[in-house]
Amino acid sequence: AQSVTQPDIHITVSEGASLELRCNYSYGATPYLFWYVQSPGQGLQLLLKYFSGDTLVQGIKGFEAEFKRSQSSFNLRKPSVHWSDAAEYFCAVGARGGGFKTIFGAGTRLFVKA
Amino acid sequence: GAGVSQSPSNKVTEKGKDVELRCDPISGHTALYWYRQRLGQGLEFLIYFQGNSAPDKSGLPSDRFSAERTGESVSTLTIQRTQQEDSAVYLCASSWRLAGSTDTQYFGPGTRLTVL
């Protein structure tokens with residue numbers, strides 16, 4: 001069965017520092033992988049997604065993620081965090097081949113300190 | 001429409017009452033999804049629609065939950081005889097086609113349900 005693990009419930013980084021949010025998945029084949037952000041009072045917004053090809057994926061707001069098959073990971077990174085990046089981040093996995101379920105991780109809350 | 005909309009944004013109800021949550025997807029999107037997000041937790045998949053059909057209802061937590069979609073547009077999620085454990089944010093999303101394709105799901109702002 002598909003599953004997604006986000007090991008860090010919350011992370012605090014200083015503004016301007018680099019960020020890495022961890023995501024590990026369990027799936028029998030290469031899945032579709034997503035990162036979403038949920039800002040306070042706002043809906044979920046897609047940051048980036050991986051389906052195939054280049055394992056380093058660029059997204060919006062300066063985020064990127066790298067798919068590592070050997071580690072079953074899809075970690076999200078940003079070189080320099082801005083205060084507006086404070087939000088909840090969700091990693092998700094979707095089934096290929098006509099499956100319909102997207103399974104979300106429990107989320108990592110990012111706090112940014114000045 | 002410009003985005004996925006949901007109503008009401010907040011709903012407070014007494015235990016045992018029925019509630020109806022509404023989702024208006026993006027115009028032209030054939031796939032629609034319902035999720036539940038309990039406080040401090042990730043999203044729990046409930047049900048999806050392809051057109052007006054919901055082929056798999058196994059994600060619904062109990063038989064108190066039901067959903068329908070009409071005209072390949074609006075969907076309603078109904079919870080009968082609400083319980084306190086139903087308190088959560090209910091999120092709706094839509095996509096051009098089914099998830100499992102490469103299409104992005106667009107989420108609405110959610111309905112926050114509180115059962116007293």
# chains A, B, ... in the order shown; residues from 1 in each chain; ligands from 1

call {"tool": "closest_atom_pairs", "arguments": {"of": "chain A", "to": "chain B", "cutoff": "12 Å", "atoms": "only C-alpha atoms", "output": "Markdown table"}}
result
| residue | atom | partner | partner_atom | distance |
| --- | --- | --- | --- | --- |
| A:Ser3 | CA | B:Glu44 | CA | 11.7 |
| A:Val4 | CA | B:Gly42 | CA | 10.1 |
| A:Thr5 | CA | B:Gly42 | CA | 10.4 |
| A:Gln6 | CA | B:Gly42 | CA | 10.0 |
| A:Ile9 | CA | B:Gly40 | CA | 9.2 |
| A:His10 | CA | B:Gly40 | CA | 10.8 |
| A:Thr30 | CA | B:Gly100 | CA | 11.9 |
| A:Pro31 | CA | B:Gly100 | CA | 9.0 |
| A:Tyr32 | CA | B:Gly100 | CA | 7.4 |
| A:Leu33 | CA | B:Thr102 | CA | 10.2 |
| A:Phe34 | CA | B:Thr104 | CA | 9.4 |
| A:Trp35 | CA | B:Thr104 | CA | 11.2 |
| A:Tyr36 | CA | B:Gln105 | CA | 10.3 |
| A:Val37 | CA | B:Phe107 | CA | 11.1 |
| A:Gln38 | CA | B:Pro109 | CA | 9.8 |
| A:Ser39 | CA | B:Pro109 | CA | 10.6 |
| A:Pro40 | CA | B:Pro109 | CA | 10.4 |
| A:Gly41 | CA | B:Pro109 | CA | 7.7 |
| A:Gln42 | CA | B:Pro109 | CA | 5.8 |
| A:Gly43 | CA | B:Pro109 | CA | 4.3 |
| A:Leu44 | CA | B:Phe107 | CA | 5.7 |
| A:Gln45 | CA | B:Phe107 | CA | 7.1 |
| A:Leu46 | CA | B:Thr104 | CA | 7.6 |
| A:Leu47 | CA | B:Thr104 | CA | 10.5 |
| A:Leu48 | CA | B:Thr104 | CA | 9.6 |
| A:Lys49 | CA | B:Thr104 | CA | 8.6 |
| A:Tyr50 | CA | B:Thr102 | CA | 9.1 |
| A:Phe51 | CA | B:Thr102 | CA | 7.2 |
| A:Ser52 | CA | B:Thr102 | CA | 10.3 |
| A:Glu88 | CA | B:Gly42 | CA | 9.9 |
| A:Tyr89 | CA | B:Gly42 | CA | 9.7 |
| A:Phe90 | CA | B:Gly42 | CA | 7.4 |
| A:Cys91 | CA | B:Gly42 | CA | 9.4 |
| A:Ala92 | CA | B:Leu43 | CA | 9.4 |
| A:Val93 | CA | B:Gly100 | CA | 9.5 |
| A:Gly94 | CA | B:Gly100 | CA | 5.8 |
| A:Ala95 | CA | B:Gly100 | CA | 5.2 |
| A:Arg96 | CA | B:Gly100 | CA | 5.0 |
| A:Gly97 | CA | B:Gly100 | CA | 6.3 |
| A:Gly98 | CA | B:Gly100 | CA | 5.1 |
| A:Gly99 | CA | B:Gly100 | CA | 4.9 |
| A:Phe100 | CA | B:Ala99 | CA | 4.8 |
| A:Lys101 | CA | B:Ala99 | CA | 6.7 |
| A:Thr102 | CA | B:Ala99 | CA | 7.1 |
| A:Ile103 | CA | B:Phe45 | CA | 7.1 |
| A:Phe104 | CA | B:Leu43 | CA | 5.7 |
| A:Gly105 | CA | B:Gly42 | CA | 5.6 |
| A:Ala106 | CA | B:Gly42 | CA | 3.8 |
| A:Gly107 | CA | B:Gly42 | CA | 5.7 |
| A:Thr108 | CA | B:Gly42 | CA | 9.4 |
| A:Arg109 | CA | B:Gly40 | CA | 9.5 |

call {"tool": "write_last_selection", "arguments": {"atoms": "N, CA and C atoms", "output": "compact mmCIF listing (two decimals), in the first residue's frame"}}
result
# COMPACT_ATOMS: atom_id res chain seq x y z
N SER A 3 2.21 4.82 1.09
CA SER A 3 2.27 5.60 2.32
C SER A 3 3.30 6.70 2.16
N VAL A 4 3.14 7.74 2.94
CA VAL A 4 4.05 8.87 2.91
C VAL A 4 4.43 9.23 4.35
N THR A 5 5.71 9.40 4.57
CA THR A 5 6.19 9.76 5.90
C THR A 5 6.94 11.08 5.84
N GLN A 6 6.53 12.00 6.66
CA GLN A 6 7.25 13.25 6.84
C GLN A 6 7.77 13.23 8.28
N ILE A 9 7.73 16.96 12.38
CA ILE A 9 6.42 17.59 12.60
C ILE A 9 6.53 19.09 12.41
N HIS A 10 7.62 19.67 12.93
CA HIS A 10 7.84 21.10 12.71
C HIS A 10 9.34 21.36 12.63
N THR A 30 7.46 3.39 -9.42
CA THR A 30 7.73 4.82 -9.36
C THR A 30 6.41 5.58 -9.31
N PRO A 31 6.21 6.32 -8.24
CA PRO A 31 4.92 7.00 -8.11
C PRO A 31 4.96 8.39 -8.71
N TYR A 32 3.83 9.02 -8.70
CA TYR A 32 3.79 10.47 -8.89
C TYR A 32 4.02 11.10 -7.52
N LEU A 33 4.79 12.15 -7.45
CA LEU A 33 5.15 12.76 -6.17
C LEU A 33 4.85 14.26 -6.22
N PHE A 34 4.36 14.75 -5.12
CA PHE A 34 3.91 16.15 -5.06
C PHE A 34 4.36 16.78 -3.74
N TRP A 35 4.54 18.08 -3.78
CA TRP A 35 4.65 18.89 -2.58
C TRP A 35 3.61 20.00 -2.66
N TYR A 36 2.85 20.13 -1.57
CA TYR A 36 1.85 21.19 -1.46
C TYR A 36 2.20 22.06 -0.25
N VAL A 37 1.77 23.32 -0.32
CA VAL A 37 1.93 24.23 0.81
C VAL A 37 0.54 24.73 1.23
N GLN A 38 0.35 24.81 2.53
CA GLN A 38 -0.90 25.31 3.08
C GLN A 38 -0.58 26.47 4.01
N SER A 39 -0.86 27.67 3.56
CA SER A 39 -0.62 28.86 4.38
C SER A 39 -1.82 29.11 5.26
N PRO A 40 -1.61 29.79 6.39
CA PRO A 40 -2.72 30.04 7.32
C PRO A 40 -3.92 30.68 6.63
N GLY A 41 -5.07 30.06 6.78
CA GLY A 41 -6.28 30.61 6.22
C GLY A 41 -6.42 30.44 4.72
N GLN A 42 -5.50 29.71 4.12
CA GLN A 42 -5.56 29.53 2.67
C GLN A 42 -5.64 28.05 2.33
N GLY A 43 -6.04 27.79 1.13
CA GLY A 43 -6.12 26.41 0.67
C GLY A 43 -4.76 25.86 0.29
N LEU A 44 -4.75 24.60 -0.02
CA LEU A 44 -3.52 23.93 -0.45
C LEU A 44 -3.12 24.42 -1.84
N GLN A 45 -1.84 24.65 -2.00
CA GLN A 45 -1.33 25.08 -3.29
C GLN A 45 -0.20 24.14 -3.70
N LEU A 46 -0.21 23.71 -4.95
CA LEU A 46 0.83 22.83 -5.45
C LEU A 46 2.12 23.61 -5.63
N LEU A 47 3.21 23.10 -5.04
CA LEU A 47 4.53 23.72 -5.22
C LEU A 47 5.25 23.12 -6.42
N LEU A 48 5.21 21.80 -6.52
CA LEU A 48 5.89 21.11 -7.59
C LEU A 48 5.43 19.66 -7.63
N LYS A 49 5.76 19.00 -8.74
CA LYS A 49 5.38 17.60 -8.88
C LYS A 49 6.42 16.88 -9.73
N TYR A 50 6.56 15.60 -9.49
CA TYR A 50 7.47 14.75 -10.26
C TYR A 50 6.69 13.60 -10.85
N PHE A 51 6.88 13.42 -12.16
CA PHE A 51 6.25 12.27 -12.81
C PHE A 51 7.30 11.37 -13.45
N SER A 52 8.26 11.98 -14.14
CA SER A 52 9.29 11.19 -14.81
C SER A 52 10.39 12.15 -15.25
N GLU A 88 2.45 25.25 6.40
CA GLU A 88 2.50 23.79 6.55
C GLU A 88 2.75 23.20 5.17
N TYR A 89 3.66 22.24 5.13
CA TYR A 89 4.06 21.63 3.86
C TYR A 89 3.69 20.16 3.87
N PHE A 90 3.05 19.73 2.79
CA PHE A 90 2.60 18.35 2.67
C PHE A 90 3.24 17.68 1.46
N CYS A 91 3.80 16.53 1.69
CA CYS A 91 4.28 15.67 0.63
C CYS A 91 3.16 14.68 0.29
N ALA A 92 3.02 14.33 -0.98
CA ALA A 92 1.95 13.42 -1.36
C ALA A 92 2.43 12.48 -2.46
N VAL A 93 1.81 11.33 -2.52
CA VAL A 93 2.13 10.35 -3.55
C VAL A 93 0.85 9.92 -4.24
N GLY A 94 0.91 9.83 -5.55
CA GLY A 94 -0.23 9.40 -6.32
C GLY A 94 0.13 8.18 -7.13
N ALA A 95 -0.87 7.34 -7.37
CA ALA A 95 -0.62 6.10 -8.09
C ALA A 95 -0.57 6.36 -9.59
N ARG A 96 0.30 5.64 -10.26
CA ARG A 96 0.32 5.70 -11.71
C ARG A 96 -0.72 4.74 -12.28
N GLY A 97 -0.88 4.80 -13.56
CA GLY A 97 -1.67 3.81 -14.25
C GLY A 97 -3.15 3.87 -13.98
N GLY A 98 -3.66 5.04 -13.76
CA GLY A 98 -5.10 5.17 -13.64
C GLY A 98 -5.61 5.15 -12.22
N GLY A 99 -4.73 5.01 -11.27
CA GLY A 99 -5.19 5.08 -9.88
C GLY A 99 -5.66 6.48 -9.56
N PHE A 100 -6.45 6.61 -8.54
CA PHE A 100 -7.06 7.89 -8.28
C PHE A 100 -6.68 8.48 -6.94
N LYS A 101 -6.14 7.68 -6.05
CA LYS A 101 -5.90 8.18 -4.71
C LYS A 101 -4.60 8.94 -4.65
N THR A 102 -4.64 10.07 -4.00
CA THR A 102 -3.42 10.77 -3.64
C THR A 102 -3.29 10.68 -2.13
N ILE A 103 -2.20 10.11 -1.67
CA ILE A 103 -1.98 9.90 -0.24
C ILE A 103 -1.06 11.00 0.26
N PHE A 104 -1.50 11.68 1.30
CA PHE A 104 -0.73 12.79 1.85
C PHE A 104 0.00 12.38 3.13
N GLY A 105 1.16 12.98 3.32
CA GLY A 105 1.85 12.86 4.60
C GLY A 105 1.16 13.72 5.64
N ALA A 106 1.63 13.61 6.88
CA ALA A 106 1.01 14.33 7.98
C ALA A 106 1.38 15.80 8.01
N GLY A 107 2.37 16.17 7.23
CA GLY A 107 2.73 17.58 7.13
C GLY A 107 3.90 17.96 8.01
N THR A 108 4.62 18.99 7.59
CA THR A 108 5.68 19.61 8.39
C THR A 108 5.38 21.09 8.48
N ARG A 109 5.30 21.58 9.70
CA ARG A 109 5.05 23.01 9.86
C ARG A 109 6.38 23.75 9.92

call {"tool": "atom_distance", "arguments": {"atom1": "atom CA of A:Ala65", "atom2": "atom CA of A:Arg77"}}
result
5.8 Å

call {"tool": "select_by_dssp", "arguments": {"residues": "chain B", "states": "strand (DSSP E)", "output": "PyMOL selection string"}}
result
chain B and resi 5-7+10-13+19-24+31-37+43-50+65-69+75-79+88-95+106-107+111-115

call {"tool": "write_last_selection", "arguments": {"atoms": "C-alpha atoms", "output": "compact mmCIF listing (two decimals), in the first residue's frame"}}
result
# COMPACT_ATOMS: atom_id res chain seq x y z
CA SER B 5 -15.22 27.19 -3.80
CA GLN B 6 -16.72 25.57 -0.75
CA SER B 7 -19.58 26.51 1.51
CA ASN B 10 -17.45 27.32 8.94
CA LYS B 11 -20.16 25.12 10.39
CA VAL B 12 -20.90 24.53 14.04
CA THR B 13 -23.46 21.87 14.80
CA VAL B 19 -24.83 18.58 7.93
CA GLU B 20 -24.36 19.21 4.24
CA LEU B 21 -21.14 20.57 2.78
CA ARG B 22 -20.97 21.97 -0.70
CA CYS B 23 -18.19 22.11 -3.28
CA ASP B 24 -18.17 24.02 -6.57
CA ALA B 31 -12.73 14.91 -11.49
CA LEU B 32 -13.66 15.99 -7.98
CA TYR B 33 -12.25 14.81 -4.65
CA TRP B 34 -13.17 15.10 -0.98
CA TYR B 35 -10.61 14.98 1.82
CA ARG B 36 -10.78 15.34 5.57
CA GLN B 37 -8.10 17.07 7.60
CA LEU B 43 -5.27 14.89 4.53
CA GLU B 44 -7.39 11.78 4.60
CA PHE B 45 -8.84 10.80 1.24
CA LEU B 46 -12.60 10.24 1.38
CA ILE B 47 -14.06 9.86 -2.10
CA TYR B 48 -13.64 10.94 -5.68
CA PHE B 49 -15.99 11.54 -8.59
CA GLN B 50 -15.31 10.99 -12.24
CA PHE B 65 -21.11 9.79 5.25
CA SER B 66 -22.42 10.10 1.73
CA ALA B 67 -21.62 12.25 -1.27
CA GLU B 68 -23.19 13.05 -4.57
CA ARG B 69 -22.41 15.12 -7.59
CA SER B 75 -20.89 18.11 -5.14
CA THR B 76 -22.34 17.75 -1.67
CA LEU B 77 -20.89 15.76 1.20
CA THR B 78 -23.52 14.84 3.76
CA ILE B 79 -22.77 13.68 7.28
CA ALA B 88 -12.34 18.55 10.99
CA VAL B 89 -11.71 20.66 7.92
CA TYR B 90 -13.29 19.11 4.87
CA LEU B 91 -11.41 19.92 1.68
CA CYS B 92 -12.61 19.60 -1.86
CA ALA B 93 -10.37 19.51 -4.92
CA SER B 94 -10.92 19.23 -8.64
CA SER B 95 -8.80 18.35 -11.63
CA TYR B 106 -6.81 22.40 -7.23
CA PHE B 107 -8.06 22.72 -3.70
CA THR B 111 -15.19 23.89 5.40
CA ARG B 112 -14.32 23.81 9.08
CA LEU B 113 -16.84 21.59 10.84
CA THR B 114 -17.16 21.68 14.60
CA VAL B 115 -19.44 19.21 16.31

call {"tool": "residues_around", "arguments": {"residues": "A:Ser70", "least_positions_apart": "2", "cutoff": "12 Å", "atoms": "only C-alpha atoms", "output": "number ranges by chain"}}
result
A: 24-26, 29-30, 55, 66-68, 72-74

call {"tool": "residues_around", "arguments": {"residues": "B:Thr82", "least_positions_apart": "3", "cutoff": "7 Å", "atoms": "only C-alpha atoms", "output": "list in words"}}
result
Lys15, Gly16, Lys17, Asp18, Ile79, Asp86 and Val115 of chain B

call {"tool": "atom_distance", "arguments": {"atom1": "atom CA of A:Gln2", "atom2": "atom CA of B:Ser53"}}
result
24.0 Å
